Structures are given as structure tokens and as C-alpha cells.
$ cat protein-v4.cif   # mmCIF, C-alpha atoms
data_protein
#
loop_
_atom_site.label_atom_id
_atom_site.label_comp_id
_atom_site.auth_asym_id
_atom_site.auth_seq_id
_atom_site.Cartn_x
_atom_site.Cartn_y
_atom_site.Cartn_z
CA MET S 22 0.00 0.00 0.00
CA LYS S 23 2.83 2.35 0.79
CA THR S 24 4.42 1.63 -2.57
CA GLY S 25 1.12 2.40 -4.31
CA MET S 26 0.90 5.78 -2.59
CA LYS S 27 4.52 6.52 -3.41
CA ARG S 28 3.88 5.67 -7.07
CA ARG S 29 0.79 7.88 -7.15
CA ALA S 30 2.67 10.74 -5.50
CA MET S 31 5.54 10.30 -7.95
CA LEU S 32 3.09 10.14 -10.88
CA LEU S 33 1.31 13.30 -9.71
CA THR S 34 4.64 15.08 -9.29
CA VAL S 35 5.72 14.14 -12.82
CA VAL S 36 2.37 15.18 -14.33
CA PHE S 37 2.41 18.48 -12.44
CA SER S 38 5.98 19.14 -13.56
CA LEU S 39 5.15 18.43 -17.19
CA LEU S 40 2.10 20.69 -17.08
CA THR S 41 4.11 23.49 -15.52
CA ILE S 42 6.88 23.15 -18.11
CA GLY S 43 4.30 23.11 -20.90
CA ILE S 44 2.62 26.28 -19.67
CA PHE S 45 5.84 28.25 -19.41
CA ALA S 46 7.21 26.90 -22.67
CA GLN S 47 4.25 28.25 -24.68
CA GLN S 48 4.91 31.94 -24.14
CA PRO S 49 4.98 33.92 -27.39
CA PRO S 50 8.36 35.09 -28.66
CA PRO S 51 9.24 38.74 -28.03
CA PRO S 52 8.34 41.13 -30.85
CA PRO S 53 11.15 41.99 -33.27
CA PRO S 54 12.87 45.33 -32.63
CA SER S 55 11.34 48.22 -34.49
CA PRO S 56 13.45 49.76 -37.26
CA PRO S 57 14.94 53.21 -36.63
CA PRO S 58 12.86 56.13 -37.90
CA PRO S 59 13.82 57.36 -41.37
CA ALA S 60 16.04 60.43 -41.50
CA GLN S 61 14.22 63.65 -42.30
CA PRO S 62 15.50 65.72 -45.21
CA GLY S 63 18.05 68.27 -44.10
CA MET S 64 18.61 66.46 -40.78
CA GLU S 65 21.10 63.74 -41.63
CA PRO S 66 22.77 62.14 -38.60
CA THR S 67 26.34 63.19 -37.88
CA ASP S 68 29.19 61.80 -35.82
CA GLU S 69 29.19 64.70 -33.40
CA LEU S 70 26.52 66.20 -31.18
CA LEU S 71 25.29 69.31 -32.94
CA PRO S 72 23.69 72.35 -31.31
CA PRO S 73 20.03 72.74 -32.35
CA VAL S 74 20.81 75.78 -34.50
CA LEU S 75 22.91 73.58 -36.80
CA LEU S 76 19.88 71.37 -37.44
CA LEU S 77 18.15 74.09 -39.42
CA PRO S 78 17.46 73.25 -43.07
CA ASP S 79 19.88 74.29 -45.79
CA MET S 80 22.79 75.16 -43.49
CA THR S 81 25.89 75.98 -45.50
CA PRO S 82 29.32 74.80 -44.38
CA ASP S 83 30.29 78.47 -43.88
CA GLN S 84 27.31 79.04 -41.59
CA GLN S 85 28.12 75.89 -39.63
CA ALA S 86 31.74 76.96 -39.16
CA LEU S 87 30.75 80.47 -38.02
CA ILE S 88 28.16 79.07 -35.60
CA LYS S 89 30.65 76.60 -34.10
CA LYS S 90 33.17 79.43 -33.67
CA SER S 91 30.52 81.60 -32.01
CA ASP S 92 29.47 78.74 -29.71
CA LEU S 93 33.06 78.22 -28.56
CA LYS S 94 33.44 81.94 -27.88
CA GLN S 95 30.18 81.84 -25.90
CA MET S 96 31.33 78.85 -23.81
CA GLU S 97 34.60 80.61 -23.07
CA ALA S 98 32.77 83.70 -21.81
CA MET S 99 30.14 81.75 -19.83
CA THR S 100 32.41 79.36 -17.95
CA PRO S 101 33.82 81.86 -15.42
CA LEU S 102 30.34 83.31 -14.78
CA LYS S 103 28.83 79.88 -14.19
CA ASN S 104 31.70 79.01 -11.86
CA GLN S 105 31.12 82.23 -9.90
CA MET S 106 27.41 81.44 -9.73
CA ARG S 107 28.07 77.94 -8.34
CA GLU S 108 30.52 79.35 -5.79
CA LYS S 109 28.06 82.02 -4.61
CA MET S 110 25.23 79.47 -4.39
CA ALA S 111 27.39 77.19 -2.23
CA ARG S 112 28.28 80.11 0.05
CA LEU S 113 24.60 81.09 0.21
CA ASN S 114 23.69 77.55 1.25
CA THR S 115 26.35 77.68 3.97
CA ALA S 116 25.12 81.06 5.20
CA LEU S 117 21.54 79.81 5.41
CA THR S 118 22.34 76.54 7.19
CA THR S 119 24.52 77.89 10.01
CA GLN S 120 23.06 78.32 13.49
CA PRO S 121 21.91 81.06 13.59
CA ALA S 122 21.55 81.76 9.86
CA ASN S 123 23.68 84.65 8.63
CA VAL S 124 20.90 86.65 6.96
CA LYS S 125 23.07 89.70 6.27
CA GLU S 126 25.61 87.63 4.31
CA ALA S 127 22.79 85.68 2.59
CA ASN S 128 21.22 88.94 1.37
CA ALA S 129 24.57 90.18 0.04
CA LEU S 130 25.14 86.88 -1.75
CA ALA S 131 21.63 87.04 -3.23
CA GLU S 132 22.49 90.45 -4.71
CA ASP S 133 25.73 89.06 -6.17
CA ILE S 134 23.91 86.05 -7.61
CA GLY S 135 21.34 88.38 -9.22
CA GLN S 136 24.08 90.42 -10.88
CA ILE S 137 25.84 87.30 -12.18
CA HIS S 138 22.55 85.93 -13.46
CA ALA S 139 21.88 89.21 -15.28
CA SER S 140 25.36 89.06 -16.86
CA ILE S 141 24.75 85.48 -18.01
CA LEU S 142 21.37 86.40 -19.48
CA LYS S 143 22.89 89.35 -21.36
CA LEU S 144 25.59 87.09 -22.84
CA GLN S 145 22.96 84.57 -23.89
CA ILE S 146 20.83 87.25 -25.55
CA SER S 147 23.87 88.59 -27.36
CA HIS S 148 24.85 85.11 -28.54
CA ASP S 149 21.30 84.38 -29.71
CA GLN S 150 21.28 87.55 -31.81
CA GLU S 151 24.73 86.80 -33.19
CA LEU S 152 23.52 83.37 -34.33
CA ARG S 153 20.34 84.86 -35.76
CA ASN S 154 22.37 87.30 -37.87
CA LEU S 155 24.18 84.36 -39.53
CA LEU S 156 20.93 82.84 -40.82
CA THR S 157 18.87 83.35 -43.96
CA ASN S 158 15.33 84.75 -43.66
CA ASP S 159 13.78 81.26 -43.96
CA GLN S 160 16.13 79.88 -41.32
CA LYS S 161 15.35 82.83 -39.02
CA VAL S 162 11.65 81.97 -39.09
CA ILE S 163 12.40 78.44 -37.86
CA PHE S 164 15.03 79.65 -35.40
CA ASP S 165 12.66 82.24 -33.91
CA SER S 166 9.84 79.72 -33.54
CA ARG S 167 11.94 77.47 -31.29
CA PRO S 168 11.92 78.00 -27.53
CA LYS S 169 14.91 79.83 -26.11
CA PRO S 170 16.42 77.74 -23.28
CA PHE S 171 17.75 80.82 -21.51
CA LEU S 172 14.22 82.23 -21.20
CA ARG S 173 12.97 79.26 -19.20
CA ARG S 174 12.39 80.02 -15.56
CA GLY S 175 15.12 78.89 -13.23
CA LYS S 176 17.94 78.91 -15.81
#
$ encode --input "protein-v4.cif" --output "C-alpha cells"
Amino acid sequence: MKTGMKRRAMLLTVVFSLLTIGIFAQQPPPPPPSPPPPAQPGMEPTDELLPPVLLLPDMTPDQQALIKKSDLKQMEAMTPLKNQMREKMARLNTALTTQPANVKEANALAEDIGQIHASILKLQISHDQELRNLLTNDQKVIFDSRPKPFLRRGK
């Protein structure tokens, strides 16, 4: 009798195992990867990361070279200002988290940060206009319709 129960238990275990394997083996294959989207005319992929202004239609090599030169000049002018801004923000954080908070120093730092932010914004406006002057009338329409990152709040 014990052997009969052992055989039944073994048989049930085998049947259960086979059913479980069969259920999991019948899952559908994953869908094939979708093909990349086709390239739009005038926006061929390049090896380097291009600023959005270079993705305008009908950009000439001369325009691209002048824009890259202007972007480098802009980065060179912005780097010290951004570094000053980060330094002042760190000092402001320190002034506000001391016990007791140094409100007088925090207010002075806030004024400094405001002046640096104004300088950065002026450089960005100047750079935007410099880029705009390098474009044709058709390119200007597209350029002007795009959002200006420096006009977003908090930048």
C-alpha cells in the first residue's frame, strides 16, 4: 500500500511538472525590434553632437563653421560666470544653514547672484542675436519659432 501511494505521489509530481513546463514553454516570442525612424530631409545624422541651431534646413558649411566658432566663444565667456554662480550658491547655502543663519551675508550673496545671473542672461541674448544674424530669412523663421532655453524660468 505504501508503494502504491509513493507511485501515485511520484506520478502526480511528474504530471504536475510536465504541465508546468508546458505552460511556461508556450509563451509567445518577443516582438522583433522596431526599425529606426527614417532620416528627415536636411537632418542627416552626424558623428558629433550638434547644437540645435545647426539642425536648421539648408545650413551651408560656412554658416556651420561660423556658428561653431561663435558657440566656442560663448562657452569661453560663460564658464567663469557659471563658476562664480556655483561658488556664490554654495556660500549662500552655507550662510543659510549655520546656526543662527547669517541673513546679512545671505542677502549680500543674493544680490551678487542676481548680478551674475543678469550678466549670463545678457551674454545669452547677445549670442542668440549673433547666431540669428548668420541665418537666412527662412532659417530665421524656424530659429525664432523654437523655444529659447535661456528664457525658461530657473535657468
$ atom_distance --input "protein-v4.cif" --atom1 "CA of Arg112 in chain S" --atom2 "CA of Ala129 in chain S"
10.7 Å
$ closest_atom_pairs --input "protein-v4.cif" --of "range 85-119 of chain S" --to "range 152-163 of chain S" --cutoff "9 Å" --atoms "all atoms listed in the file" --output "JSON lines"
{"residue": "S:Leu87", "atom": "CA", "partner": "S:Leu155", "partner_atom": "CA", "distance": 7.8}
{"residue": "S:Ile88", "atom": "CA", "partner": "S:Leu152", "partner_atom": "CA", "distance": 6.5}
{"residue": "S:Ser91", "atom": "CA", "partner": "S:Leu152", "partner_atom": "CA", "distance": 7.6}
{"residue": "S:Asp92", "atom": "CA", "partner": "S:Leu152", "partner_atom": "CA", "distance": 8.8}
$ atom_distance --input "protein-v4.cif" --atom1 "CA of Leu113 in chain S" --atom2 "CA of Ala127 in chain S"
5.5 Å
$ residues_around --input "protein-v4.cif" --residues "range 97-102 of chain S" --least-positions-apart "2" --cutoff "12 Å" --atoms "only C-alpha atoms" --output "list in words"
Lys90, Ser91, Asp92, Leu93, Lys94, Gln95, Asn104, Gln105, Met106, Arg107, Glu108, Lys109, Asp133, Ile134, Gly135, Gln136, Ile137, His138, Ala139, Ser140, Ile141, Leu142, Lys143, Leu144, Gln145, Ser147 and His148 of chain S
$ atom_distance --input "protein-v4.cif" --atom1 "CA of Asp149 in chain S" --atom2 "CA of Leu76 in chain S"
15.2 Å
$ closest_residue --input "protein-v4.cif" --among "S:Lys89, S:Pro121, S:Met96, S:Pro73" --to "Pro170 in chain S" --atoms "all atoms listed in the file"
S:Pro73
$ residues_near_point --input "protein-v4.cif" --point "(18.2, 75.5, -32.1)" --cutoff "9 Å" --atoms "only C-alpha atoms" --output "list in words"
Pro72, Pro73, Val74, Leu75, Leu76, Leu77, Ile163, Phe164, Asp165, Arg167, Pro168 and Lys169 of chain S
$ axis_aligned_box --input "protein-v4.cif" --around "range 108-114 of chain S" --padding-each-side "4 Å" --output "lines of an AutoDock Vina configuration file"
center_x = 27.1
center_y = 79.6
center_z = -2.3
size_x = 14.8
size_y = 12.8
size_z = 15.0
